[in-house]
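A.B. asks: Sharing work-v9.cif (mmCIF, C-alpha atoms) below.
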```
data_entry
#
loop_
_atom_site.label_atom_id
_atom_site.label_comp_id
_atom_site.auth_asym_id
_atom_site.auth_seq_id
_atom_site.Cartn_x
_atom_site.Cartn_y
_atom_site.Cartn_z
CA MET A 236 -193.87 -114.23 -115.66
CA ASN A 237 -197.45 -115.18 -116.47
CA ILE A 238 -196.14 -118.18 -118.41
CA ILE A 239 -195.39 -119.93 -115.12
CA PHE A 240 -199.07 -119.92 -114.14
CA LYS A 241 -200.34 -121.29 -117.44
CA LEU A 242 -201.33 -124.95 -117.48
CA ASP A 243 -200.42 -125.23 -121.18
CA THR A 244 -196.83 -124.29 -120.40
CA TRP A 245 -196.39 -127.11 -117.91
CA GLN A 246 -198.12 -129.58 -120.20
CA GLU A 247 -195.71 -128.69 -123.02
CA ILE A 248 -192.72 -129.06 -120.68
CA TYR A 249 -194.03 -132.42 -119.48
CA HIS A 250 -194.59 -133.74 -123.00
CA SER A 251 -191.20 -132.43 -124.12
CA LEU A 252 -189.38 -134.22 -121.32
CA ARG A 253 -191.50 -137.39 -121.63
CA ASN A 254 -190.88 -137.69 -125.35
CA ASN A 255 -187.13 -137.66 -124.72
CA LYS A 256 -186.91 -139.85 -121.62
CA LEU A 257 -183.40 -141.18 -122.14
CA ARG A 258 -182.00 -137.80 -123.06
CA THR A 259 -183.73 -136.16 -120.10
CA PHE A 260 -182.46 -138.86 -117.73
CA LEU A 261 -178.87 -138.58 -118.94
CA THR A 262 -179.08 -134.81 -118.67
CA MET A 263 -180.34 -134.97 -115.11
CA ILE A 264 -177.56 -137.33 -114.06
CA GLY A 265 -174.94 -134.58 -114.39
CA VAL A 266 -176.59 -132.11 -112.04
CA GLY A 267 -177.96 -134.81 -109.74
CA TRP A 268 -174.53 -136.41 -109.39
CA GLY A 269 -173.01 -133.03 -108.61
CA MET A 270 -175.51 -132.36 -105.83
CA PHE A 271 -175.15 -135.93 -104.56
CA LEU A 272 -171.36 -135.49 -104.30
CA PHE A 273 -171.79 -132.09 -102.70
CA VAL A 274 -174.12 -133.39 -99.98
CA ALA A 275 -172.32 -136.72 -99.43
CA LEU A 276 -168.81 -135.27 -99.23
CA LEU A 277 -169.88 -132.30 -97.12
CA GLY A 278 -171.73 -134.60 -94.73
CA ALA A 279 -168.81 -137.04 -94.59
CA ALA A 280 -166.40 -134.20 -93.77
CA LYS A 281 -168.74 -133.03 -91.01
CA GLY A 282 -169.00 -136.61 -89.75
CA MET A 283 -165.21 -136.80 -89.42
CA GLU A 284 -165.15 -133.43 -87.67
CA ASN A 285 -167.86 -134.57 -85.25
CA GLY A 286 -165.97 -137.84 -84.74
CA PHE A 287 -162.77 -136.08 -83.73
CA ASP A 288 -164.72 -133.62 -81.55
CA LYS A 289 -166.31 -136.57 -79.79
CA ALA A 290 -162.98 -138.34 -79.43
CA PHE A 291 -161.36 -135.26 -77.87
CA ALA A 292 -164.41 -134.26 -75.81
CA GLY A 293 -163.39 -133.29 -72.30
CA PHE A 294 -159.75 -133.03 -73.30
CA ALA A 295 -157.69 -129.84 -73.28
CA THR A 296 -156.49 -129.85 -76.89
CA ASN A 297 -154.45 -126.66 -76.43
CA SER A 298 -151.99 -128.43 -74.16
CA ILE A 299 -148.32 -129.36 -74.04
CA PHE A 300 -146.87 -132.33 -72.16
CA LEU A 301 -143.36 -131.80 -70.82
CA TRP A 302 -140.99 -134.11 -68.94
CA ALA A 303 -137.33 -134.15 -67.84
CA GLN A 304 -134.57 -136.16 -69.56
CA ASN A 305 -130.75 -136.00 -69.58
CA THR A 306 -128.48 -133.19 -70.68
CA THR A 307 -126.27 -133.71 -73.74
CA ILE A 308 -124.11 -130.57 -73.53
CA PRO A 309 -121.71 -129.63 -70.65
CA TYR A 310 -122.66 -126.23 -69.22
CA ASP A 311 -121.62 -123.93 -66.38
CA GLY A 312 -119.37 -126.54 -64.79
CA PHE A 313 -121.88 -129.36 -65.06
CA PRO A 314 -121.01 -132.38 -67.22
CA LYS A 315 -123.22 -133.78 -69.93
CA GLY A 316 -125.49 -136.70 -69.09
CA ARG A 317 -126.86 -134.98 -66.00
CA LYS A 318 -130.33 -136.35 -65.10
CA MET A 319 -132.94 -133.62 -64.93
CA ASP A 320 -136.08 -133.54 -62.76
CA LEU A 321 -139.22 -131.45 -62.59
CA HIS A 322 -140.40 -130.10 -59.22
CA LEU A 323 -143.64 -128.67 -57.89
CA PRO A 324 -142.13 -125.18 -57.29
CA ASP A 325 -141.43 -125.01 -61.04
CA ILE A 326 -145.16 -124.49 -61.58
CA GLU A 327 -145.23 -121.17 -59.74
CA VAL A 328 -142.11 -119.96 -61.55
CA LEU A 329 -143.54 -120.79 -64.98
CA GLN A 330 -146.94 -119.25 -64.25
CA GLN A 331 -145.37 -116.03 -62.96
CA ARG A 332 -143.02 -115.57 -65.90
CA ILE A 333 -145.09 -116.91 -68.80
CA HIS A 334 -148.47 -115.20 -68.92
CA GLU A 335 -149.72 -117.30 -71.86
CA ILE A 336 -150.10 -120.28 -69.49
CA ASP A 337 -153.66 -120.89 -68.33
CA TYR A 338 -152.89 -123.65 -65.83
CA ILE A 339 -150.43 -126.51 -65.22
CA SER A 340 -151.32 -130.01 -64.10
CA PRO A 341 -148.45 -132.00 -62.50
CA GLN A 342 -148.62 -135.78 -62.51
CA SER A 343 -146.44 -138.78 -61.67
CA SER A 344 -146.98 -142.41 -62.56
CA ARG A 345 -145.75 -145.98 -62.31
CA GLY A 346 -146.36 -148.09 -65.40
CA ASN A 347 -145.82 -145.34 -67.98
CA PHE A 348 -142.71 -144.14 -69.84
CA GLY A 349 -140.94 -147.47 -69.38
CA SER A 350 -141.37 -147.69 -65.63
CA PRO A 351 -142.85 -150.88 -64.12
CA GLY A 352 -146.48 -150.91 -63.02
CA GLU A 353 -147.72 -151.41 -59.47
CA LEU A 354 -149.22 -154.54 -57.91
CA PHE A 355 -152.96 -154.33 -57.11
CA SER A 356 -154.63 -156.94 -54.91
CA LYS A 357 -158.10 -157.83 -53.68
CA ASP A 358 -159.54 -161.05 -52.23
CA GLY A 359 -156.56 -163.12 -53.35
CA LYS A 360 -156.45 -161.69 -56.88
CA ASN A 361 -153.24 -159.94 -57.94
CA GLU A 362 -152.61 -157.90 -61.05
CA THR A 363 -150.17 -155.20 -62.17
CA TYR A 364 -151.66 -151.92 -63.35
CA THR A 365 -150.58 -148.34 -64.01
CA LEU A 366 -150.78 -146.10 -60.96
CA ASN A 367 -150.92 -142.29 -61.27
CA GLY A 368 -150.57 -139.54 -58.72
CA ASP A 369 -152.77 -136.62 -59.73
CA PHE A 370 -154.30 -133.33 -58.65
CA PRO A 371 -157.97 -132.38 -59.19
CA VAL A 372 -156.85 -130.08 -62.01
CA GLY A 373 -155.69 -133.18 -63.90
CA ASN A 374 -159.33 -133.99 -64.66
CA LYS A 375 -159.52 -130.73 -66.60
CA ILE A 376 -156.74 -131.94 -68.90
CA SER A 377 -158.43 -135.26 -69.61
CA GLU A 378 -161.90 -135.50 -68.14
CA LYS A 379 -162.68 -139.00 -66.90
CA LYS A 380 -166.09 -140.43 -67.73
CA LEU A 381 -167.13 -141.65 -64.30
CA ILE A 382 -169.53 -144.58 -64.09
CA TYR A 383 -169.33 -144.69 -60.28
CA GLY A 384 -168.45 -142.09 -57.67
CA ARG A 385 -166.25 -139.03 -58.07
CA TYR A 386 -162.72 -137.92 -58.90
CA ILE A 387 -159.97 -136.75 -56.57
CA ASN A 388 -160.69 -133.44 -54.78
CA ASP A 389 -158.70 -130.86 -52.78
CA ALA A 390 -159.57 -132.53 -49.46
CA ASP A 391 -157.99 -135.76 -50.70
CA ILE A 392 -154.83 -133.84 -51.58
CA SER A 393 -154.52 -131.87 -48.33
CA GLY A 394 -155.32 -134.93 -46.21
CA ASN A 395 -152.96 -137.30 -48.04
CA LYS A 396 -155.89 -139.70 -48.14
CA ASN A 397 -155.67 -143.30 -49.28
CA VAL A 398 -158.42 -143.03 -51.87
CA ILE A 399 -158.33 -144.29 -55.43
CA VAL A 400 -160.17 -143.86 -58.72
CA ILE A 401 -159.88 -147.03 -60.80
CA GLY A 402 -160.37 -147.80 -64.48
CA GLU A 403 -163.21 -150.03 -65.68
CA GLU A 404 -160.88 -152.95 -66.40
CA ILE A 405 -159.64 -152.95 -62.80
CA TYR A 406 -163.24 -152.75 -61.61
CA LYS A 407 -164.24 -155.76 -63.71
CA ASN A 408 -161.28 -157.77 -62.41
CA PHE A 409 -161.81 -157.09 -58.72
CA PHE A 410 -165.59 -156.60 -58.51
CA ASP A 411 -168.70 -158.36 -59.81
CA ALA A 412 -169.43 -156.19 -62.85
CA LYS A 413 -172.11 -158.60 -64.13
CA LYS A 414 -174.23 -157.86 -61.06
CA ASN A 415 -173.32 -154.14 -61.21
CA GLU A 416 -171.57 -154.32 -57.84
CA ASN A 417 -171.08 -150.85 -56.42
CA PRO A 418 -167.38 -150.55 -55.49
CA ILE A 419 -167.64 -147.16 -53.77
CA GLY A 420 -166.38 -147.38 -50.19
CA LYS A 421 -164.78 -150.76 -50.74
CA SER A 422 -161.05 -151.21 -50.81
CA VAL A 423 -158.23 -152.54 -52.96
CA THR A 424 -154.62 -153.04 -51.94
CA VAL A 425 -151.85 -151.17 -53.75
CA LYS A 426 -148.23 -151.79 -52.79
CA GLY A 427 -149.45 -153.36 -49.55
CA LEU A 428 -151.59 -150.32 -48.61
CA PHE A 429 -155.39 -150.23 -48.46
CA PHE A 430 -157.13 -147.69 -50.68
CA ASN A 431 -160.83 -146.87 -50.58
CA VAL A 432 -162.41 -146.75 -54.03
CA ILE A 433 -164.09 -143.38 -54.60
CA GLY A 434 -164.69 -143.63 -58.36
CA VAL A 435 -164.62 -145.80 -61.47
CA PHE A 436 -164.00 -144.32 -64.91
CA ARG A 437 -164.34 -145.53 -68.47
CA VAL A 438 -162.07 -144.57 -71.37
CA GLN A 439 -163.14 -144.49 -75.03
CA GLN A 440 -161.39 -146.96 -77.32
CA GLN A 441 -160.08 -144.12 -79.44
CA GLY A 442 -159.56 -140.43 -78.88
CA GLY A 443 -157.68 -137.95 -76.81
CA ASN A 444 -158.02 -139.43 -73.33
CA MET A 445 -154.50 -140.03 -72.09
CA GLY A 446 -155.70 -142.53 -69.48
CA SER A 447 -156.63 -146.15 -69.96
CA ASP A 448 -159.08 -148.57 -68.37
CA ASP A 449 -156.21 -150.51 -66.78
CA SER A 450 -154.92 -147.53 -64.79
CA ALA A 451 -155.82 -145.87 -61.50
CA TYR A 452 -155.43 -142.42 -59.91
CA ILE A 453 -154.60 -141.51 -56.33
CA PRO A 454 -153.91 -138.09 -54.72
CA PHE A 455 -150.52 -136.73 -55.78
CA THR A 456 -149.49 -136.15 -52.18
CA THR A 457 -150.28 -139.77 -51.31
CA PHE A 458 -148.29 -140.96 -54.32
CA THR A 459 -145.33 -138.83 -53.25
CA LYS A 460 -145.34 -140.31 -49.73
CA MET A 461 -145.59 -143.87 -51.09
CA TYR A 462 -142.48 -143.48 -53.22
CA ASN A 463 -140.66 -140.84 -51.14
CA ASN A 464 -140.43 -138.52 -54.15
CA GLY A 465 -140.44 -135.27 -52.26
CA ASP A 466 -141.57 -132.53 -54.63
CA LYS A 467 -140.49 -134.34 -57.80
CA VAL A 468 -143.00 -134.51 -60.67
CA GLY A 469 -143.16 -137.03 -63.50
CA PHE A 470 -144.45 -134.59 -66.11
CA PHE A 471 -146.35 -131.34 -66.56
CA ALA A 472 -149.48 -130.94 -68.64
CA ILE A 473 -149.41 -127.25 -69.58
CA VAL A 474 -152.57 -125.66 -70.98
CA GLY A 475 -152.22 -122.41 -72.88
CA LYS A 476 -154.71 -119.58 -72.98
CA ASP A 477 -157.08 -119.40 -75.95
CA ASN A 478 -154.99 -116.87 -77.88
CA ALA A 479 -151.61 -118.41 -77.05
CA ASP A 480 -149.22 -119.65 -79.73
CA LEU A 481 -148.39 -123.11 -78.39
CA ASN A 482 -145.17 -123.37 -80.39
CA VAL A 483 -143.88 -120.18 -78.78
CA LEU A 484 -145.22 -121.28 -75.39
CA GLU A 485 -143.43 -124.63 -75.65
CA GLU A 486 -140.08 -122.96 -76.31
CA ALA A 487 -140.65 -120.36 -73.59
CA VAL A 488 -141.28 -123.06 -70.97
CA LYS A 489 -138.12 -124.95 -71.94
CA THR A 490 -136.08 -121.74 -71.92
CA GLU A 491 -137.23 -120.90 -68.37
CA LEU A 492 -136.49 -124.41 -67.10
CA LYS A 493 -133.06 -124.44 -68.73
CA ALA A 494 -132.21 -121.14 -67.07
CA LYS A 495 -133.42 -122.37 -63.66
CA TYR A 496 -131.48 -125.63 -63.78
CA ASN A 497 -128.29 -124.34 -65.49
CA VAL A 498 -128.80 -126.16 -68.76
CA SER A 499 -127.23 -124.99 -72.00
CA PRO A 500 -129.72 -122.99 -74.12
CA ASP A 501 -128.62 -125.15 -77.06
CA ASP A 502 -129.40 -128.44 -75.31
CA THR A 503 -132.51 -129.87 -77.00
CA ASN A 504 -132.55 -133.11 -75.02
CA ALA A 505 -132.72 -131.92 -71.42
CA PHE A 506 -136.51 -131.55 -71.52
CA GLY A 507 -138.78 -133.55 -73.78
CA SER A 508 -142.21 -132.44 -74.87
CA PHE A 509 -145.25 -133.31 -76.91
CA ASN A 510 -147.25 -130.44 -78.36
CA LEU A 511 -150.81 -131.73 -78.62
CA GLY A 512 -152.09 -128.30 -79.68
CA LYS A 513 -149.82 -128.33 -82.73
CA LEU A 514 -151.04 -131.79 -83.71
CA PHE A 515 -154.67 -130.82 -83.17
CA GLY A 516 -154.15 -127.66 -85.23
CA LYS A 517 -152.95 -129.78 -88.15
CA LEU A 518 -155.97 -132.02 -87.76
CA THR A 519 -158.33 -129.03 -87.74
CA GLY A 520 -156.62 -127.63 -90.84
CA PHE A 521 -157.00 -130.99 -92.57
CA LEU A 522 -160.74 -131.11 -91.83
CA THR A 523 -161.20 -127.52 -93.00
CA GLY A 524 -159.32 -128.34 -96.20
CA MET A 525 -161.57 -131.35 -96.74
CA GLN A 526 -164.68 -129.21 -96.44
CA LEU A 527 -163.30 -126.62 -98.87
CA LEU A 528 -162.31 -129.36 -101.31
CA THR A 529 -165.81 -130.80 -101.02
CA ILE A 530 -167.41 -127.46 -101.85
CA VAL A 531 -165.10 -126.92 -104.83
CA VAL A 532 -165.56 -130.44 -106.24
CA GLY A 533 -169.32 -130.35 -105.74
CA THR A 534 -169.66 -126.90 -107.29
CA LEU A 535 -167.57 -127.79 -110.33
CA THR A 536 -169.52 -131.02 -110.83
CA ILE A 537 -172.81 -129.13 -110.58
CA LEU A 538 -171.51 -126.57 -113.08
CA ALA A 539 -170.56 -129.35 -115.48
CA GLY A 540 -174.05 -130.79 -115.14
CA VAL A 541 -175.70 -127.44 -115.80
CA ILE A 542 -173.55 -126.97 -118.91
CA ALA A 543 -174.69 -130.42 -120.07
CA ILE A 544 -178.28 -129.25 -119.66
CA SER A 545 -177.55 -126.29 -121.94
CA ASN A 546 -176.05 -128.57 -124.58
CA ILE A 547 -179.05 -130.91 -124.46
CA LEU A 548 -181.46 -127.99 -124.71
CA LEU A 549 -179.58 -126.73 -127.75
CA ILE A 550 -180.20 -130.08 -129.41
CA THR A 551 -183.82 -129.97 -128.28
CA VAL A 552 -184.32 -126.52 -129.77
CA LYS A 553 -182.89 -127.72 -133.08
CA GLU A 554 -185.23 -130.73 -133.13
CA ARG A 555 -188.23 -128.55 -132.24
CA THR A 556 -187.50 -125.91 -134.85
CA LYS A 557 -190.71 -126.62 -136.75
CA GLU A 558 -192.76 -126.65 -133.56
CA ILE A 559 -191.32 -123.29 -132.54
CA GLY A 560 -192.01 -121.91 -136.01
CA ILE A 561 -195.68 -122.96 -135.76
CA ARG A 562 -196.00 -121.32 -132.38
CA ARG A 563 -194.45 -118.12 -133.69
CA ALA A 564 -196.74 -118.18 -136.75
CA LEU A 565 -199.74 -118.55 -134.43
CA GLY A 566 -198.76 -115.41 -132.56
CA ALA A 567 -196.42 -116.59 -129.82
CA LYS A 568 -194.17 -113.75 -128.70
CA PRO A 569 -190.37 -114.22 -128.65
CA ALA A 570 -190.42 -113.70 -124.87
CA GLU A 571 -192.87 -116.59 -124.45
CA VAL A 572 -190.64 -118.93 -126.45
CA ARG A 573 -187.57 -117.81 -124.54
CA ASN A 574 -189.26 -118.16 -121.15
CA GLN A 575 -190.47 -121.67 -121.90
CA ILE A 576 -186.96 -122.83 -122.79
CA LEU A 577 -185.61 -121.17 -119.64
CA LEU A 578 -188.36 -122.80 -117.59
CA GLU A 579 -187.44 -126.21 -118.96
CA SER A 580 -183.84 -125.61 -117.94
CA VAL A 581 -184.84 -124.58 -114.41
CA VAL A 582 -187.24 -127.53 -114.03
CA ILE A 583 -184.56 -130.04 -115.04
CA THR A 584 -182.00 -128.33 -112.79
CA ILE A 585 -184.22 -128.22 -109.69
CA THR A 586 -185.51 -131.76 -110.17
CA SER A 587 -181.99 -133.11 -110.63
CA GLY A 588 -180.69 -131.19 -107.62
CA LEU A 589 -183.50 -132.40 -105.36
CA LEU A 590 -182.95 -136.03 -106.39
CA GLY A 591 -179.21 -135.68 -105.78
CA PHE A 592 -179.92 -134.10 -102.39
CA ILE A 593 -182.30 -136.91 -101.38
CA PHE A 594 -179.89 -139.66 -102.40
CA GLY A 595 -177.02 -137.84 -100.65
CA ILE A 596 -179.00 -137.60 -97.39
CA PHE A 597 -179.97 -141.26 -97.74
CA LEU A 598 -176.30 -142.23 -98.06
CA LEU A 599 -175.40 -140.20 -94.96
CA MET A 600 -178.16 -141.96 -93.02
CA ILE A 601 -176.70 -145.32 -94.04
CA LEU A 602 -173.17 -144.22 -93.04
CA ASN A 603 -174.47 -142.98 -89.69
CA THR A 604 -176.20 -146.30 -89.03
CA VAL A 605 -173.14 -148.35 -90.01
CA THR A 606 -170.67 -146.31 -87.92
CA GLU A 607 -172.90 -145.64 -84.93
CA GLY A 608 -171.33 -146.89 -81.72
CA GLN A 609 -167.99 -147.73 -83.35
CA ASP A 610 -165.47 -145.78 -81.29
CA GLU A 611 -162.57 -147.26 -83.27
CA PHE A 612 -163.44 -145.08 -86.27
CA PRO A 613 -163.56 -141.27 -85.81
CA PHE A 614 -166.88 -140.72 -87.57
CA TYR A 615 -170.06 -139.52 -85.91
CA ASN A 616 -173.39 -138.00 -86.94
CA PRO A 617 -172.63 -136.92 -90.55
CA THR A 618 -174.83 -133.92 -91.26
CA VAL A 619 -175.02 -131.11 -93.77
CA ASN A 620 -175.63 -127.44 -93.31
CA TYR A 621 -178.98 -126.87 -95.02
CA GLY A 622 -178.05 -123.25 -95.58
CA GLU A 623 -175.08 -124.39 -97.70
CA VAL A 624 -177.29 -126.88 -99.59
CA PHE A 625 -179.96 -124.25 -100.32
CA ALA A 626 -177.22 -121.86 -101.39
CA ALA A 627 -175.94 -124.54 -103.77
CA MET A 628 -179.49 -125.04 -105.08
CA ALA A 629 -179.84 -121.29 -105.63
CA VAL A 630 -176.53 -121.26 -107.51
CA MET A 631 -177.77 -124.21 -109.59
CA VAL A 632 -180.98 -122.41 -110.52
CA PHE A 633 -179.07 -119.22 -111.32
CA LEU A 634 -176.62 -121.13 -113.48
CA GLY A 635 -179.54 -122.96 -115.08
CA LEU A 636 -181.06 -119.62 -116.04
CA ILE A 637 -177.79 -118.20 -117.33
CA ILE A 638 -176.83 -121.33 -119.27
CA GLY A 639 -180.41 -121.74 -120.46
CA MET A 640 -180.22 -118.32 -122.14
CA ILE A 641 -178.05 -119.84 -124.89
CA PRO A 642 -180.65 -122.25 -126.27
CA ALA A 643 -183.41 -119.77 -125.42
CA GLN A 644 -181.81 -117.08 -127.58
CA ARG A 645 -181.27 -119.66 -130.33
CA ALA A 646 -185.00 -120.40 -130.24
CA VAL A 647 -185.96 -116.73 -130.35
CA LYS A 648 -183.77 -116.12 -133.42
CA ILE A 649 -185.63 -118.77 -135.43
CA LYS A 650 -187.77 -117.07 -138.03
CA PRO A 651 -191.26 -118.56 -138.46
CA ILE A 652 -190.98 -118.98 -142.24
CA GLU A 653 -187.61 -120.75 -142.05
CA ALA A 654 -188.83 -122.89 -139.21
CA LEU A 655 -191.88 -124.06 -141.11
CA ARG A 656 -189.68 -125.07 -144.05
CA SER A 657 -187.35 -127.15 -141.88
CA GLU A 658 -187.62 -130.93 -141.78
#
```
What does this structure look like when you write it as structure tokens?
C.D. replies:
Amino acid sequence: MNIIFKLDTWQEIYHSLRNNKLRTFLTMIGVGWGMFLFVALLGAAKGMENGFDKAFAGFATNSIFLWAQNTTIPYDGFPKGRKMDLHLPDIEVLQQRIHEIDYISPQSSRGNFGSPGELFSKDGKNETYTLNGDFPVGNKISEKKLIYGRYINDADISGNKNVIVIGEEIYKNFFDAKKNENPIGKSVTVKGLFFNVIGVFRVQQQGGNMGSDDSAYIPFTTFTKMYNNGDKVGFFAIVGKDNADLNVLEEAVKTELKAKYNVSPDDTNAFGSFNLGKLFGKLTGFLTGMQLLTIVVGTLTILAGVIAISNILLITVKERTKEIGIRRALGAKPAEVRNQILLESVVITITSGLLGFIFGIFLLMILNTVTEGQDEFPFYNPTVNYGEVFAAMAVMVFLGLIIGMIPAQRAVKIKPIEALRSE
């Protein structure tokens, strides 16, 4: 359209908008607010998603935690109330019979699930902390953020070594953290036994890490010898394959264990479990729903703003009836009149959208600054997909053109003679 490249066209649009400043401003608020909401809500939803991703970073979210309890139903000659236990050989049985299992991490502890903690000592200081017996695979379930050293390895397991990985709180209590004392190779006493420190880990204040800064990890084999547990296991962390249905997997594991230990198939108390994958799936669905709601709300608000632009332009056309009549009498073609009205609609729409976009980004920057470094709140790096924003802008312009056709057609239908007679 040659009208776009004419200076007179832009001057007329400028004077038209300047002469109706309040009306133009109120008109722009609708579209600008819609884009502002679209950007702000979409960015906030992404910030929450990033926050939860950060919180669960290094954690196997498709996992199930399973432990033994007591039976509540007599079965096969066994009375109710029988205490159940998990054993290391159970792992091989479950992996052979349930192919949806990716891997299983066995672990035992003192200081969790109502059991008393263990006494730690060093240089006359004594404190009770949680002690865990773990395998190297346990770090795949909940990856420890090491600030010193390493985690337990296969050599530690096979050698029944007295090595320990301690939490940051234990490190600060027993070592000079202010001078960044390196604890690696030094020892702490646990239950009267000396353990060489091989690592120190830090746990986020919130998130999916199932450890804590006041806990420590030793080789599972060493833990078993300390407490004479044989092959007993405190609980299993079972990780399913990517395509596995964790609800089905959870029931399949319990069914196999009930069959192995002669437990009634109807007994729901013999083995307890916590399905983290199910919980995480609900969380993911919630975040997806938030993003969809954001898109719908933003789009509808933008549409309402664009409709407001059409209404304002209708009023503008009515007020400029005489002006349009003069232009038609001087030889202006209907297409030129129509195109100018459409151009005004697009200019208002784009300007409003850009202002809403800028203010929305500015708000996200403020939110990012305020929440940065606050692990207590699951919100991190709120960003928007520029492709989605540009798509919204394109929809705005398209709607501006479509809605702008109404006042544009009204302007074209004005006959020059009638227009010149109007007051």
A.B. asks: Since I can't run it myself right now, could you work out what the PyMOL selection byres ((chain A and resi 364) around 8) selects here and report it as a PyMOL selection string?
C.D. replies: chain A and resi 346+352-355+362-363+365-366+449-451
A.B. asks: Mind telling me what the PyMOL selection byres ((chain A and resi 383) around 6) catches here, as a list of chain:residue names?
C.D. replies: A:Leu381, A:Ile382, A:Gly384, A:Gly434, A:Val435
A.B. asks: Compare A:Thr424, A:Thr534, A:Thr259, A:Ser344 by their minimum atom-to-atom distance to Thr586 in chain A, counting all atoms listed in the file, and give me the closest one.
C.D. replies: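 Ranking A:Thr424, A:Thr534, A:Thr259, A:Ser344 by distance to Thr586 in chain A, first place goes to A:Thr259.
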A.B. asks: Mind giving me the straight-line distance from CA of Lys414 in chain A to CA of Glu378 in chain A in Å, one decimal?
C.D. replies: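 CA of Glu378 in chain A lies 26.5 Å from CA of Lys414 in chain A.
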A.B. asks: Name all residues at most 10 Å from Asn603 in chain A (count only C-alpha atoms; drop same-chain ones fewer than 6 positions away) and give them as a PDB file with C-alpha atoms, in the coordinates of the input.
C.D. replies:
```pdb
ATOM      1  CA  ALA A 279    -168.810-137.040 -94.590  1.00  0.00           C
ATOM      2  CA  GLY A 282    -169.000-136.610 -89.750  1.00  0.00           C
ATOM      3  CA  PHE A 597    -179.970-141.260 -97.740  1.00  0.00           C
ATOM      4  CA  PHE A 614    -166.880-140.720 -87.570  1.00  0.00           C
ATOM      5  CA  TYR A 615    -170.060-139.520 -85.910  1.00  0.00           C
ATOM      6  CA  ASN A 616    -173.390-138.000 -86.940  1.00  0.00           C
ATOM      7  CA  PRO A 617    -172.630-136.920 -90.550  1.00  0.00           C
ATOM      8  CA  THR A 618    -174.830-133.920 -91.260  1.00  0.00           C
TER       9      THR A 618
END
```
A.B. asks: Expand the PyMOL selection byres ((chain A and resi 468) around 8) into the explicit residue set it covers here, and present it as a ChimeraX atom specification.
C.D. replies: /A:320-323,341-343,466-467,469-471
A.B. asks: Which one of A:Met270, A:Leu598, A:Leu492, A:Ile576 sits closest to Ala626 in chain A if you count only C-alpha atoms?
C.D. replies: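 Going through A:Met270, A:Leu598, A:Leu492, A:Ile576 one by one, the smallest distance to Ala626 in chain A is for A:Met270.
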A.B. asks: Excluding Asn397 in chain A and its own-chain neighbours fewer than 5 positions away, which residues fall within 10 Å of it when counting all atoms listed in the file? Please give them as a PyMOL selection string.
C.D. replies: chain A and resi 391-392+422+425+428-433+453-454+456-458
A.B. asks: Just give me the gap between CA of Ala479 in chain A and CA of Asn297 in chain A in Å, one decimal is fine.
C.D. replies: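 Separating CA of Ala479 in chain A from CA of Asn297 in chain A is a distance of 8.7 Å.
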A.B. asks: Which distance in Å separates CA of Leu578 in chain A and CA of Ala627 in chain A, to one decimal?
C.D. replies: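 Separation of CA of Leu578 in chain A and CA of Ala627 in chain A: 18.7 Å.
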A.B. asks: For Ala487 in chain A, please output as a ChimeraX atom specification all residues within 10 Å (counting only C-alpha atoms; exclusion window: fewer than 3 positions along the same chain).
C.D. replies: /A:329,332-333,335,481-484,490-493
A.B. asks: Restricting the output to C-alpha atoms, write the selected residues as a tab-separated table (two decimals), keeping the file's coordinate frame.
C.D. replies:
```
chain	number	residue	atom	x	y	z
A	329	LEU	CA	-143.54	-120.79	-64.98
A	332	ARG	CA	-143.02	-115.57	-65.90
A	333	ILE	CA	-145.09	-116.91	-68.80
A	335	GLU	CA	-149.72	-117.30	-71.86
A	481	LEU	CA	-148.39	-123.11	-78.39
A	482	ASN	CA	-145.17	-123.37	-80.39
A	483	VAL	CA	-143.88	-120.18	-78.78
A	484	LEU	CA	-145.22	-121.28	-75.39
A	490	THR	CA	-136.08	-121.74	-71.92
A	491	GLU	CA	-137.23	-120.90	-68.37
A	492	LEU	CA	-136.49	-124.41	-67.10
A	493	LYS	CA	-133.06	-124.44	-68.73
```
A.B. asks: When you count all atoms listed in the file, which of these residues is closest to Val498 in chain A: A:Ile308, A:Val581, A:Met525, A:Leu634?
C.D. replies: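 Counting all atoms listed in the file, the residue closest to Val498 in chain A is A:Ile308.
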A.B. asks: Check the smallest atom-to-atom distance from each of A:Ile473, A:Pro314, A:Ile542, A:Tyr462 to Gly373 in chain A using all atoms listed in the file, then report the winner.
C.D. replies: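 Of all the options, A:Ile473 lies closest to Gly373 in chain A.
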A.B. asks: For each of A:Leu535, A:Ile530, A:Met319, A:Leu589, take the minimum atom-to-atom distance to Gly278 in chain A, counting all atoms listed in the file, then give the residue where this is smallest.
C.D. replies: A:Ile530
A.B. asks: Nearest residue to Phe436 in chain A out of A:Arg345, A:Arg385, A:Gly475, A:Asp411, using all atoms listed in the file?
C.D. replies: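 Counting all atoms listed in the file, the residue closest to Phe436 in chain A is A:Arg385.
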A.B. asks: Could you please give me, as a VMD selection string, the residues of protein, DNA or RNA lying at most 10 Å from (-128.6, -126.8, -74.8) in the coordinate frame of the file, considering only C-alpha atoms?
C.D. replies: chain A and resid 306 to 310 490 493 497 to 506
A.B. asks: Enclose range 411-414 of chain A, meaning all of its atoms listed in the file, in a box aligned along x, y and z, pad it by 6 Å on each side, and list the centre and edge lengths in Å to one decimal, as JSON.
C.D. replies:
```
{"center_x": -171.5, "center_y": -157.4, "center_z": -62.0, "size_x": 17.5, "size_y": 14.4, "size_z": 16.3}
```
